[in-house]
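One structure is given here, and the rest of the page talks about it.
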Amino acid sequence: MTQRITGELFKQMMINASAAIENNKQEINDLNVFPVPDGDTGTNMSMTMSAAEVALIPMTPGTLTHVADATASALLRGARGNSGVILSLLFRGFSRSLKGIDAANSKEFADALTSGVESAYKAVMKPAEGTVLTVSRLLAVAAVEAAETEDDVLVVLERALEAGYVALADTVNQNPVLQKAGVIDSGGKGYLYIMDGMLQAMRGEKIEKVAQSAIESSKADFTQYSAEDITFAYCTEFLIERNKSNKEVNRLRDFLDVRGDSIVVVDDETIIKVHVHTNDPGVVLTESLTYGSLLGIKIENMREQHSEAAAGEIHAPATPQEPEEQKPFAVVAVCAGKGLEEIFHDLGADRIITGGQTMNPSTDDILQKVISAPSDVVFILPNNKNIIMAAEQCIPLTDKRVIVIPTKSIPQGVSAMLSVDVGSDIDDIASQMNDAVKRVQTVLITTAARNSVFDNQNINKGEHLALLNDALVASNADFNSVVSAVSVALGKHSPEFVTIFTGEDANESETEAVSKLLVSDSPDVELTVIDGGQPVYSYIISAE
């Protein structure tokens with residue numbers, strides 16, 4: 001019988017949940033009905049849960065509140081893709097409901113599940129049924145009903161899971177896209193794997209990750225561990241001479257808590273002393289600058305120290321780079337491909353995050369770039385619809401003003417950058433960018449990653465396919481047939497400028513064919529070809 005969930009038990013529940021989703025992520029990925037390879041649901045949910053696991057493993061559990069807060073914080077920063085963000089929101093609401101609770105009884109646990117659902121629904125602008133939202137909501141409803149008569153938390157979760165699986169089976173009937181493909185919702189399936197992992201922990205069962213390499217090493221001699229066992233490599237120490245911002249020091253503690261360990265933050269009215277082991281001292285120093293001037297900085301690589309001590313060698317500590325000169329605003333852009341990165345740099349982007357299709361960066365990946373950007377005002381260009389929500393989660397995590405321009409493609413991001421009038425005020429620049437996004441047409445040409453039914457059309461794995469603003473234009477084994485269909489579709493928009501970004505697998509003869517076919521229906525168009533070097537898409541085409 002499990003009558004209460006303690007901090008220690010919840011820690012094991014989350015570690016189990018991470019293993020469960022990791023072991024089943026490919027099954028969840030395979031439920032994806034979109035024919036283009038993307039940041040798949042299973043992968044994104046697994047990487048998001050892994051962020052919580054990494055934060056919890058070294059942690060000495062205290063109260064349930066303490067562990068739930070640490071979990072929510074790690075998930076928020078580790079969230080990848082829309083599915084990862086929604087997952088983090090479910091646990092954020094869960095955590096808030098447990099504030100001040102040392103150990104949760106069945107009713108408090110059920111109420112926390114309900115609070116998580118409410119948090120997720122509020123954050124999603126247009127919540128759709130037949131998704132993870134539906135599954136989590138009906139699971140929580142069943143938990144509340146069970147808790148009215150049942151004191152055993154384990155039994156409550158068992159009954160809730162039964163209702164969750166019924167809800168999951170019905171998603172195929174609620175969502176038109178799933179109905180056409182004949183599959184259940186992948187996010188809902190992933191959520192139930194997580195809940196099932198938590199249930200097994202309640203039963204005292206531990207889930208091992210499949211094909212997981214051993215965590216502990218038997219080497220030693222300095223010895224009970226090797227340099228690789230050092231989770232956070234850089235011992236970072238410094239003083240902060242307080243400025244007049246009066247920022248709450250607990251925010252700095254929370255910031256460091258998800259980026260390292262061995263944290264000591266001692267403050268008085270004039271000085272803050274900081275000690276932390278971290279893998280990114282630059283990010284720590286940049287955030288700390290918002291509290292005041294830095295003094296007495298010392299950074300030591302503990303992995304090198306470990307190896308060098310064994311060899312009797314000593315090296316001087318690293319010297320941090322000088323902070324960049326501040327600007328009126330900065331831009332963080334997401335893209336993948338050397339050519340695309342160079343384009344955004346040339347257009348004025350201050351920070352580039354390597355990511356996009358199949359590579360959705362986490363909220364923390366984006367946040368670190370925002371924090372390091374040389375301005376208190378930062379525009380984010382996600383350039384992929386599956387990254388927008390993760391970018392938006394950065395807004396409350398920093399004192400900087402963060403403005404997310406909801407770019408869903410590389411052409412939209414490029415157009416937004418080209419529209420910037422640096423002499424305008426910030427609100428006008430945001431308006432200019434948003435207006436520019438609406439003017440551009442985006443074509444994506446790739447190869448179908450799976451058999452699928454998309455936009456009422458059967459698509460076979462390996463076929464060439466083209467999307468215009470996410471709508472299917474053509475799918476065919478004949479490449480020229482697909483490009484001809486693109487040319488006709490773009491011609492209806494009467495573009496004046498067309499830019500072709502060639503992918504890493506594009507060849508010269510195909511590119512020449514694409515160029516000729518595209519101008520056949522728009523003879524007066526100004527055509528430009530740029531080596532983008534992007535993965536996944538052989539060609540990204542921008543038309544304005």
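The way I read the labels, and the way they are meant: chains A, B, ... in the order of the structure tokens, residue 1 as the first residue of every chain, and ligand 1 as the first ligand shown, with later ones counted on from there.
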Hey, which bits of stretch 326-347 of chain A sit within 10 Å of stretch 396-418 of chain A, and for each residue what's the closest pair of atoms and how far apart in Å (one decimal), counting only C-alpha atoms, rows by chain and increasing number, as JSON lines?
{"residue": "A:Phe329", "atom": "CA", "partner": "A:Arg401", "partner_atom": "CA", "distance": 9.4}
{"residue": "A:Ala330", "atom": "CA", "partner": "A:Val402", "partner_atom": "CA", "distance": 9.7}
{"residue": "A:Val331", "atom": "CA", "partner": "A:Met417", "partner_atom": "CA", "distance": 8.8}
{"residue": "A:Val332", "atom": "CA", "partner": "A:Val404", "partner_atom": "CA", "distance": 9.6}
{"residue": "A:Ala333", "atom": "CA", "partner": "A:Gly413", "partner_atom": "CA", "distance": 7.7}
{"residue": "A:Val334", "atom": "CA", "partner": "A:Ile410", "partner_atom": "CA", "distance": 8.6}
{"residue": "A:Cys335", "atom": "CA", "partner": "A:Ile410", "partner_atom": "CA", "distance": 7.2}
{"residue": "A:Ala336", "atom": "CA", "partner": "A:Ile410", "partner_atom": "CA", "distance": 9.6}
{"residue": "A:Leu340", "atom": "CA", "partner": "A:Ile410", "partner_atom": "CA", "distance": 8.3}
{"residue": "A:Ile343", "atom": "CA", "partner": "A:Val414", "partner_atom": "CA", "distance": 8.1}
{"residue": "A:Phe344", "atom": "CA", "partner": "A:Val414", "partner_atom": "CA", "distance": 7.1}
{"residue": "A:Asp346", "atom": "CA", "partner": "A:Met417", "partner_atom": "CA", "distance": 9.9}
{"residue": "A:Leu347", "atom": "CA", "partner": "A:Met417", "partner_atom": "CA", "distance": 6.3}
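All residues of protein, DNA or RNA that reach within 7 Å of stretch 243-254 of chain A, judged by only C-alpha atoms and not counting those fewer than 2 positions away in the chain, are Glu241, Leu256, Asp257, Val258, Val265, Tyr291 and Gly292 of chain A.
Between atom CA of A:Ser542 and atom CA of A:Thr499 lies a distance of 5.0 Å.
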Residues near stretch 70-80 of chain A, anyone? I mean within 8 Å using only C-alpha atoms, not counting same-chain ones fewer than 3 positions away, as a ChimeraX atom specification. /A:44-45,47-49,51-52,55-56,66-67,83-85,87-89,91-92,95,258,360-365,367,387,390,393
Could you write those residues out with N, CA, C and O atoms, as a short mmCIF file (atom, residue, chain, number, x, y, z; two decimals), in the first residue's frame?
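Okay, this is what ended up in out-v2.cif:
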data_model
loop_
_atom_site.label_atom_id
_atom_site.label_comp_id
_atom_site.auth_asym_id
_atom_site.auth_seq_id
_atom_site.Cartn_x
_atom_site.Cartn_y
_atom_site.Cartn_z
N ASN A 44 11.46 13.91 -28.54
CA ASN A 44 11.35 15.16 -27.80
C ASN A 44 10.90 14.94 -26.36
O ASN A 44 11.42 15.56 -25.42
N MET A 45 9.94 14.04 -26.16
CA MET A 45 9.48 13.76 -24.80
C MET A 45 10.57 13.08 -23.98
O MET A 45 10.76 13.37 -22.80
N MET A 47 13.89 13.34 -24.40
CA MET A 47 14.95 14.30 -24.08
C MET A 47 14.50 15.28 -23.00
O MET A 47 15.30 15.71 -22.16
N THR A 48 13.22 15.62 -23.02
CA THR A 48 12.67 16.51 -22.00
C THR A 48 12.70 15.82 -20.63
O THR A 48 13.15 16.40 -19.64
N MET A 49 12.24 14.57 -20.57
CA MET A 49 12.26 13.84 -19.31
C MET A 49 13.68 13.59 -18.82
O MET A 49 13.96 13.57 -17.62
N ALA A 51 16.10 15.58 -18.99
CA ALA A 51 16.57 16.77 -18.29
C ALA A 51 16.20 16.71 -16.82
O ALA A 51 16.98 17.11 -15.94
N ALA A 52 15.01 16.19 -16.53
CA ALA A 52 14.60 16.04 -15.13
C ALA A 52 15.44 14.98 -14.43
O ALA A 52 15.87 15.15 -13.28
N ALA A 55 18.81 16.25 -13.45
CA ALA A 55 18.74 17.15 -12.29
C ALA A 55 18.48 16.41 -10.99
O ALA A 55 18.99 16.79 -9.92
N LEU A 56 17.72 15.30 -11.06
CA LEU A 56 17.31 14.62 -9.84
C LEU A 56 18.32 13.60 -9.32
O LEU A 56 18.42 13.38 -8.11
N HIS A 66 9.96 20.16 -2.64
CA HIS A 66 11.32 20.43 -3.11
C HIS A 66 11.63 19.65 -4.38
O HIS A 66 12.14 20.19 -5.37
N VAL A 67 11.31 18.36 -4.40
CA VAL A 67 11.62 17.51 -5.55
C VAL A 67 10.72 17.87 -6.74
O VAL A 67 11.18 17.91 -7.89
N SER A 83 5.62 18.88 -27.97
CA SER A 83 5.27 17.81 -27.04
C SER A 83 6.04 17.93 -25.74
O SER A 83 5.51 17.70 -24.65
N GLY A 84 7.32 18.31 -25.82
CA GLY A 84 8.12 18.49 -24.62
C GLY A 84 7.66 19.68 -23.80
O GLY A 84 7.64 19.62 -22.56
N VAL A 85 7.27 20.75 -24.47
CA VAL A 85 6.78 21.93 -23.75
C VAL A 85 5.49 21.60 -23.02
O VAL A 85 5.30 21.96 -21.85
N LEU A 87 4.48 18.72 -22.01
CA LEU A 87 4.85 17.84 -20.90
C LEU A 87 5.37 18.65 -19.72
O LEU A 87 5.00 18.41 -18.55
N SER A 88 6.22 19.63 -20.00
CA SER A 88 6.76 20.45 -18.92
C SER A 88 5.66 21.26 -18.25
O SER A 88 5.69 21.49 -17.04
N LEU A 89 4.67 21.70 -19.02
CA LEU A 89 3.55 22.46 -18.45
C LEU A 89 2.70 21.58 -17.54
O LEU A 89 2.21 22.04 -16.49
N PHE A 91 3.73 19.14 -15.71
CA PHE A 91 4.42 18.97 -14.44
C PHE A 91 4.63 20.30 -13.71
O PHE A 91 4.81 20.32 -12.49
N ARG A 92 4.60 21.42 -14.43
CA ARG A 92 4.69 22.71 -13.76
C ARG A 92 3.44 22.94 -12.91
O ARG A 92 3.50 23.33 -11.75
N SER A 95 3.47 20.66 -9.93
CA SER A 95 4.36 21.15 -8.88
C SER A 95 3.71 22.27 -8.08
O SER A 95 3.80 22.30 -6.85
N VAL A 258 19.85 24.43 -11.89
CA VAL A 258 19.62 23.55 -13.03
C VAL A 258 20.81 23.52 -13.98
O VAL A 258 20.74 22.89 -15.03
N ASN A 360 15.14 19.70 -32.58
CA ASN A 360 14.47 20.77 -31.84
C ASN A 360 15.27 21.13 -30.60
O ASN A 360 15.44 20.31 -29.70
N PRO A 361 15.78 22.36 -30.51
CA PRO A 361 16.52 22.75 -29.32
C PRO A 361 15.60 22.86 -28.11
O PRO A 361 14.39 23.09 -28.25
N SER A 362 16.16 22.70 -26.93
CA SER A 362 15.38 22.81 -25.71
C SER A 362 15.16 24.26 -25.34
O SER A 362 15.84 25.17 -25.85
N THR A 363 14.24 24.49 -24.42
CA THR A 363 14.03 25.84 -23.89
C THR A 363 15.34 26.37 -23.31
O THR A 363 15.68 27.54 -23.52
N ASP A 364 16.07 25.53 -22.61
CA ASP A 364 17.32 25.99 -22.01
C ASP A 364 18.38 26.31 -23.06
O ASP A 364 19.17 27.24 -22.89
N ASP A 365 18.42 25.53 -24.15
CA ASP A 365 19.34 25.85 -25.25
C ASP A 365 19.09 27.27 -25.75
O ASP A 365 20.02 28.04 -25.99
N LEU A 367 17.34 29.65 -24.11
CA LEU A 367 17.51 30.61 -23.02
C LEU A 367 18.97 31.00 -22.83
O LEU A 367 19.28 32.18 -22.60
N ILE A 387 9.26 24.64 -32.71
CA ILE A 387 10.21 25.26 -31.79
C ILE A 387 9.62 26.51 -31.15
O ILE A 387 10.11 27.02 -30.14
N ALA A 390 8.73 26.24 -27.35
CA ALA A 390 9.93 26.19 -26.51
C ALA A 390 10.55 27.58 -26.39
O ALA A 390 11.04 27.95 -25.31
N GLN A 393 8.64 29.81 -23.90
CA GLN A 393 8.85 29.50 -22.48
C GLN A 393 10.01 30.28 -21.89
O GLN A 393 10.15 30.38 -20.67
#
Taking into account only C-alpha atoms, which residue in the set A:Thr114, A:Thr358, A:Thr60, A:Gln368 is nearest to A:Thr43? A:Thr358
Would you compute the distance between atom CA of A:Ile530 and atom CA of A:Ile500? Give it in Å to one decimal. 6.1 Å
I want to know what sits within 12 Å of A:Asp470, based on only C-alpha atoms, with residues of the same chain fewer than 3 positions away left out; could you give that as an MDAnalysis selection string? chainID A and resid 34:36 384:385 408:409 441:445 454:455 465:467 473:474
For the selection you just gave me, I'd like the residues written to a file as a compact mmCIF listing (two decimals), in the first residue's frame, keeping all heavy atoms.
# COMPACT_ATOMS: atom_id res chain seq x y z
N PHE A 34 3.02 12.67 -39.92
CA PHE A 34 3.59 13.63 -40.86
C PHE A 34 4.64 12.94 -41.70
O PHE A 34 5.52 12.25 -41.17
CB PHE A 34 4.23 14.79 -40.07
CG PHE A 34 4.55 15.99 -40.91
CD1 PHE A 34 3.57 16.61 -41.66
CD2 PHE A 34 5.82 16.52 -40.93
CE1 PHE A 34 3.86 17.73 -42.43
CE2 PHE A 34 6.12 17.64 -41.68
CZ PHE A 34 5.14 18.25 -42.44
N PRO A 35 4.60 13.08 -43.03
CA PRO A 35 5.50 12.31 -43.90
C PRO A 35 6.94 12.79 -43.91
O PRO A 35 7.82 12.10 -44.42
CB PRO A 35 4.86 12.49 -45.29
CG PRO A 35 4.14 13.79 -45.22
CD PRO A 35 3.63 13.89 -43.82
N VAL A 36 7.21 13.97 -43.37
CA VAL A 36 8.56 14.51 -43.37
C VAL A 36 9.22 14.19 -42.04
O VAL A 36 8.60 14.30 -40.99
CB VAL A 36 8.53 16.04 -43.57
CG1 VAL A 36 9.93 16.63 -43.51
CG2 VAL A 36 7.87 16.39 -44.88
N ASN A 384 10.79 27.34 -37.18
CA ASN A 384 10.19 26.01 -37.26
C ASN A 384 9.00 26.00 -36.31
O ASN A 384 9.12 26.43 -35.16
CB ASN A 384 11.21 24.94 -36.85
CG ASN A 384 10.69 23.52 -37.02
OD1 ASN A 384 9.82 23.09 -36.28
ND2 ASN A 384 11.22 22.80 -38.00
N LYS A 385 7.86 25.51 -36.77
CA LYS A 385 6.65 25.58 -35.95
C LYS A 385 6.76 24.74 -34.68
O LYS A 385 6.06 25.01 -33.69
CB LYS A 385 5.44 25.14 -36.76
CG LYS A 385 5.46 23.68 -37.21
CD LYS A 385 4.23 23.36 -38.05
CE LYS A 385 4.24 21.90 -38.50
NZ LYS A 385 3.05 21.58 -39.34
N LYS A 408 7.90 30.14 -38.90
CA LYS A 408 7.74 28.70 -39.03
C LYS A 408 8.69 28.09 -40.06
O LYS A 408 8.69 26.88 -40.26
CB LYS A 408 6.30 28.38 -39.43
CG LYS A 408 5.27 28.80 -38.40
CD LYS A 408 3.86 28.47 -38.86
CE LYS A 408 2.83 28.91 -37.82
NZ LYS A 408 1.44 28.61 -38.27
N SER A 409 9.49 28.93 -40.72
CA SER A 409 10.39 28.42 -41.76
C SER A 409 11.59 29.33 -41.90
O SER A 409 11.58 30.48 -41.44
CB SER A 409 9.66 28.33 -43.10
OG SER A 409 9.34 29.64 -43.58
N GLN A 441 6.17 33.24 -49.07
CA GLN A 441 5.68 31.88 -49.32
C GLN A 441 6.86 30.92 -49.16
O GLN A 441 7.95 31.19 -49.66
CB GLN A 441 5.09 31.75 -50.73
CG GLN A 441 4.12 32.86 -51.13
CD GLN A 441 2.87 32.87 -50.29
OE1 GLN A 441 2.36 31.83 -49.89
NE2 GLN A 441 2.37 34.07 -49.99
N THR A 442 6.62 29.80 -48.51
CA THR A 442 7.70 28.84 -48.26
C THR A 442 7.38 27.51 -48.92
O THR A 442 6.31 26.93 -48.69
CB THR A 442 7.90 28.61 -46.76
OG1 THR A 442 8.27 29.84 -46.14
CG2 THR A 442 8.99 27.57 -46.52
N VAL A 443 8.32 27.01 -49.71
CA VAL A 443 8.21 25.68 -50.32
C VAL A 443 9.32 24.81 -49.74
O VAL A 443 10.48 25.23 -49.66
CB VAL A 443 8.34 25.73 -51.85
CG1 VAL A 443 8.39 24.32 -52.43
CG2 VAL A 443 7.17 26.51 -52.46
N LEU A 444 8.97 23.60 -49.36
CA LEU A 444 9.93 22.63 -48.85
C LEU A 444 9.87 21.39 -49.74
O LEU A 444 8.79 20.83 -49.96
CB LEU A 444 9.59 22.24 -47.42
CG LEU A 444 9.46 23.39 -46.41
CD1 LEU A 444 8.93 22.89 -45.08
CD2 LEU A 444 10.79 24.11 -46.22
N ILE A 445 11.00 20.99 -50.26
CA ILE A 445 11.08 19.79 -51.10
C ILE A 445 11.97 18.77 -50.40
O ILE A 445 13.11 19.07 -50.03
CB ILE A 445 11.63 20.10 -52.50
CG1 ILE A 445 10.70 21.08 -53.23
CG2 ILE A 445 11.76 18.82 -53.32
CD1 ILE A 445 11.19 21.48 -54.62
N PHE A 454 -1.69 12.22 -46.03
CA PHE A 454 -1.50 13.62 -45.66
C PHE A 454 -2.28 14.49 -46.63
O PHE A 454 -2.17 14.32 -47.86
CB PHE A 454 -0.02 13.98 -45.69
CG PHE A 454 0.30 15.33 -45.11
CD1 PHE A 454 0.23 15.54 -43.74
CD2 PHE A 454 0.66 16.39 -45.93
CE1 PHE A 454 0.53 16.77 -43.19
CE2 PHE A 454 0.97 17.62 -45.39
CZ PHE A 454 0.90 17.82 -44.02
N ASP A 455 -3.08 15.40 -46.10
CA ASP A 455 -3.96 16.22 -46.94
C ASP A 455 -4.78 15.36 -47.90
O ASP A 455 -4.91 15.65 -49.10
CB ASP A 455 -3.14 17.25 -47.73
CG ASP A 455 -2.74 18.44 -46.89
OD1 ASP A 455 -3.13 18.49 -45.70
OD2 ASP A 455 -2.03 19.33 -47.40
N LEU A 465 8.47 14.83 -52.34
CA LEU A 465 7.24 15.55 -52.02
C LEU A 465 7.56 17.01 -51.77
O LEU A 465 8.68 17.38 -51.39
CB LEU A 465 6.51 14.94 -50.83
CG LEU A 465 7.16 14.90 -49.45
CD1 LEU A 465 6.89 16.21 -48.69
CD2 LEU A 465 6.62 13.75 -48.63
N ALA A 466 6.56 17.86 -52.00
CA ALA A 466 6.72 19.30 -51.83
C ALA A 466 5.56 19.85 -51.03
O ALA A 466 4.41 19.47 -51.23
CB ALA A 466 6.80 19.99 -53.19
N LEU A 467 5.89 20.75 -50.12
CA LEU A 467 4.90 21.43 -49.29
C LEU A 467 4.99 22.92 -49.55
O LEU A 467 6.08 23.49 -49.61
CB LEU A 467 5.16 21.16 -47.81
CG LEU A 467 5.18 19.71 -47.36
CD1 LEU A 467 5.75 19.61 -45.94
CD2 LEU A 467 3.79 19.11 -47.40
N VAL A 473 1.72 19.97 -51.96
CA VAL A 473 1.60 20.38 -53.36
C VAL A 473 1.64 19.17 -54.27
O VAL A 473 0.83 19.02 -55.18
CB VAL A 473 2.72 21.37 -53.76
CG1 VAL A 473 2.68 21.67 -55.26
CG2 VAL A 473 2.61 22.65 -52.96
N ALA A 474 2.60 18.29 -54.03
CA ALA A 474 2.74 17.11 -54.88
C ALA A 474 3.58 16.06 -54.18
O ALA A 474 4.43 16.38 -53.34
CB ALA A 474 3.39 17.49 -56.21
